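Engineer: Okay, here's the structure, questions in a sec.
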Amino acid sequence: MSAETKKKLKSTFLNLLEERPLAQISVKDIVSECGVNRNTFYYHYADLPALIEEIITEEVDRIAGDDFSFDTIGEFLENGMVFILSHKKAVNHLYNSVNRDILVHYFMQISEKVISGYMNNLCRDRNILPEDKEMLTHYFKCMIFGEMVDWIMNGMTKDLIGSFERFCSNNKGLVEEMVDRVTIR
């Protein structure tokens with residue numbers, strides 16, 4: 001029952017966040033919609049930020065658990081964007097709230113996971129200094145992160161998946177070339 005209650009609390013919160021800004025959502029609203037009492041909420045979560053953090057952490061863990069190979073970075077990015085695209089209003093409301101840092105941290109975690117996995121596969125059989133690999137990972141992680149934040153700041157109107165697909169297509173070979181340049185021969 002406890003896992004089911006938590007699932008219902010999270011789902012209800014996301015539905016409310018799709019409808020209105022975070023500042024207009026209270027624990028009372030969530031428990032009212034769920035049909036549980038306030039003590040039930042506080043049994044599972046210390047406050048709304050704790051609920052938000054758990055939702056985001058579970059999503060990052062879902063993405064981190066997925067396997068991906070060198071050839072599927074575009075698909076992996078798309079997989080990482082599923083939650084964001086299916087909850088655009090909630091993401092916008094969260095981004096424009098005092099809890100923006102939780103969402104920004106989520107974007108950074110997704111970017112880190114995607115690029116780290118990509119770089120680990122690409123550099124597997126190469127002799128590269130750890131600091132060079134770290135520098136390239138950081139550079140591309142920040143590019144992806146910046147794209148996602150820019151997309152939200154500009155109203156989430158452009159096709160984010162299409163943009164990432166074009167990025168991957170237009171930059172095919174760029175990362176490999178940069179890795180070749182830092183490979184010790």
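Ordered as shown in the structure tokens, chains take letters A, B, and onward, while each chain numbers its residues from 1 and ligands are numbered from 1 in the order shown.
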Need the shell around Asn92 (chain A): protein/DNA/RNA residues with any atom at most 9 Å away, counting only C-alpha atoms. Skip same-chain ones fewer than 3 positions apart. Format as JSON, numbers by chain?

Structural biologist: {"A": [18, 21, 87, 88, 89, 95, 96, 97, 152, 153, 155, 156]}

Engineer: Going by DSSP on the backbone, which bits of chain A are alpha helix (DSSP H)? Write them as a PyMOL selection string, please.

Structural biologist: chain A and resi 2-19+27-34+38-44+48-65+73-86+88-95+100-123+130-153+160-170+174-182

Engineer: A:Leu9, A:Ala23, A:Ile84, A:Ala50: which is nearest Arg38 (chain A), counting only C-alpha atoms?

Structural biologist: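 The closest residue to Arg38 (chain A) is A:Leu9.
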
Engineer: Work out how far CA of Arg62 (chain A) is from CA of Phe83 (chain A), in Å to one decimal.

Structural biologist: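 That distance, rounded to one decimal, is 10.4 Å.
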
Engineer: Hey, what's within 12 Å of Leu14 (chain A) if we count only C-alpha atoms and toss same-chain stuff fewer than 3 positions away? As a ChimeraX atom specification, please?

Structural biologist: /A:7-11,17-22,25,29-30,33,48,51-52,55-56,83-84,86-94

Engineer: Could you write those residues out with N, CA and C atoms, as a short mmCIF file (atom, residue, chain, number, x, y, z; two decimals), in the first residue's frame?

Structural biologist:
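Saved file result-v2.cif follows:
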```cif
data_model
loop_
_atom_site.label_atom_id
_atom_site.label_comp_id
_atom_site.auth_asym_id
_atom_site.auth_seq_id
_atom_site.Cartn_x
_atom_site.Cartn_y
_atom_site.Cartn_z
N LYS A 7 3.14 6.50 -5.19
CA LYS A 7 2.92 6.65 -6.63
C LYS A 7 1.74 7.60 -6.89
N LYS A 8 0.69 7.44 -6.09
CA LYS A 8 -0.49 8.30 -6.25
C LYS A 8 -0.17 9.75 -5.88
N LEU A 9 0.60 9.95 -4.82
CA LEU A 9 1.00 11.31 -4.43
C LEU A 9 1.81 11.97 -5.54
N LYS A 10 2.75 11.23 -6.11
CA LYS A 10 3.59 11.78 -7.18
C LYS A 10 2.77 12.10 -8.43
N SER A 11 1.92 11.19 -8.80
CA SER A 11 1.07 11.39 -9.98
C SER A 11 0.14 12.59 -9.80
N LEU A 17 0.74 20.16 -11.10
CA LEU A 17 1.79 21.01 -11.64
C LEU A 17 1.58 21.28 -13.13
N GLU A 18 0.90 20.39 -13.81
CA GLU A 18 0.54 20.64 -15.22
C GLU A 18 -0.52 21.73 -15.31
N GLU A 19 -1.33 21.85 -14.26
CA GLU A 19 -2.44 22.80 -14.28
C GLU A 19 -2.07 24.20 -13.78
N ARG A 20 -1.15 24.27 -12.81
CA ARG A 20 -0.86 25.56 -12.19
C ARG A 20 0.58 25.62 -11.66
N PRO A 21 1.05 26.86 -11.42
CA PRO A 21 2.42 27.03 -10.92
C PRO A 21 2.62 26.37 -9.56
N LEU A 22 3.86 26.04 -9.27
CA LEU A 22 4.22 25.39 -8.01
C LEU A 22 3.77 26.21 -6.80
N ILE A 25 0.38 25.35 -5.41
CA ILE A 25 0.12 23.96 -5.02
C ILE A 25 0.56 23.77 -3.57
N ASP A 29 -3.70 20.54 -1.17
CA ASP A 29 -4.24 20.27 -2.51
C ASP A 29 -3.96 18.83 -2.94
N ILE A 30 -2.75 18.39 -2.69
CA ILE A 30 -2.33 17.04 -3.11
C ILE A 30 -3.11 15.98 -2.35
N GLU A 33 -6.80 15.78 -3.39
CA GLU A 33 -6.97 15.07 -4.66
C GLU A 33 -6.77 13.57 -4.51
N LEU A 48 7.26 19.59 -0.04
CA LEU A 48 7.11 19.51 -1.50
C LEU A 48 8.44 19.36 -2.24
N LEU A 51 9.37 15.79 -2.38
CA LEU A 51 8.56 15.07 -3.36
C LEU A 51 9.10 15.32 -4.77
N ILE A 52 9.38 16.56 -5.08
CA ILE A 52 9.91 16.93 -6.40
C ILE A 52 11.23 16.20 -6.64
N ILE A 55 10.75 12.51 -7.46
CA ILE A 55 10.25 12.32 -8.83
C ILE A 55 11.40 12.44 -9.82
N ILE A 56 12.19 13.47 -9.66
CA ILE A 56 13.31 13.71 -10.59
C ILE A 56 14.38 12.64 -10.44
N PHE A 83 10.32 12.33 -20.41
CA PHE A 83 9.65 12.92 -19.24
C PHE A 83 9.41 14.41 -19.46
N ILE A 84 10.43 15.10 -19.93
CA ILE A 84 10.33 16.54 -20.13
C ILE A 84 9.24 16.87 -21.15
N SER A 86 6.69 15.04 -22.07
CA SER A 86 5.35 14.63 -21.67
C SER A 86 4.82 15.45 -20.49
N HIS A 87 5.66 16.30 -19.92
CA HIS A 87 5.24 17.16 -18.80
C HIS A 87 5.72 18.59 -19.03
N LYS A 88 5.51 19.12 -20.23
CA LYS A 88 6.03 20.44 -20.57
C LYS A 88 5.54 21.55 -19.63
N LYS A 89 4.25 21.56 -19.32
CA LYS A 89 3.73 22.60 -18.44
C LYS A 89 4.31 22.47 -17.04
N ALA A 90 4.41 21.24 -16.55
CA ALA A 90 4.99 21.01 -15.22
C ALA A 90 6.44 21.47 -15.19
N VAL A 91 7.20 21.15 -16.24
CA VAL A 91 8.60 21.56 -16.32
C VAL A 91 8.69 23.08 -16.33
N ASN A 92 7.84 23.72 -17.11
CA ASN A 92 7.82 25.18 -17.17
C ASN A 92 7.48 25.78 -15.80
N HIS A 93 6.45 25.22 -15.14
CA HIS A 93 6.08 25.73 -13.82
C HIS A 93 7.21 25.52 -12.81
N LEU A 94 7.87 24.40 -12.88
CA LEU A 94 8.98 24.14 -11.96
C LEU A 94 10.17 25.04 -12.27
#
```

Engineer: Please, which residues in region 101-155 of chain A fall within 8 Å of region 180-184 of chain A when counting only C-alpha atoms, and what is the closest atom pair and distance in Å to one decimal for each, ordered by chain then residue number, as a Markdown table?

Structural biologist:
```
| residue | atom | partner | partner_atom | distance |
| --- | --- | --- | --- | --- |
| A:Arg126 | CA | A:Thr183 | CA | 6.4 |
| A:Asn127 | CA | A:Ile184 | CA | 5.5 |
| A:Ile128 | CA | A:Thr183 | CA | 4.9 |
| A:Leu129 | CA | A:Val182 | CA | 7.7 |
| A:Asp132 | CA | A:Val182 | CA | 6.6 |
```

Engineer: Find the residues near Met148 (chain A): any atom within 10 Å, counting only C-alpha atoms, skip ones fewer than 4 places away on the same chain, and give them as a list in words.

Structural biologist: Met81, Ile84, Val104, Phe107, Met108, Ser111, Cys142, Met143, Ile144, Ile152, Met153, Met156, Leu160 and Phe164 of chain A
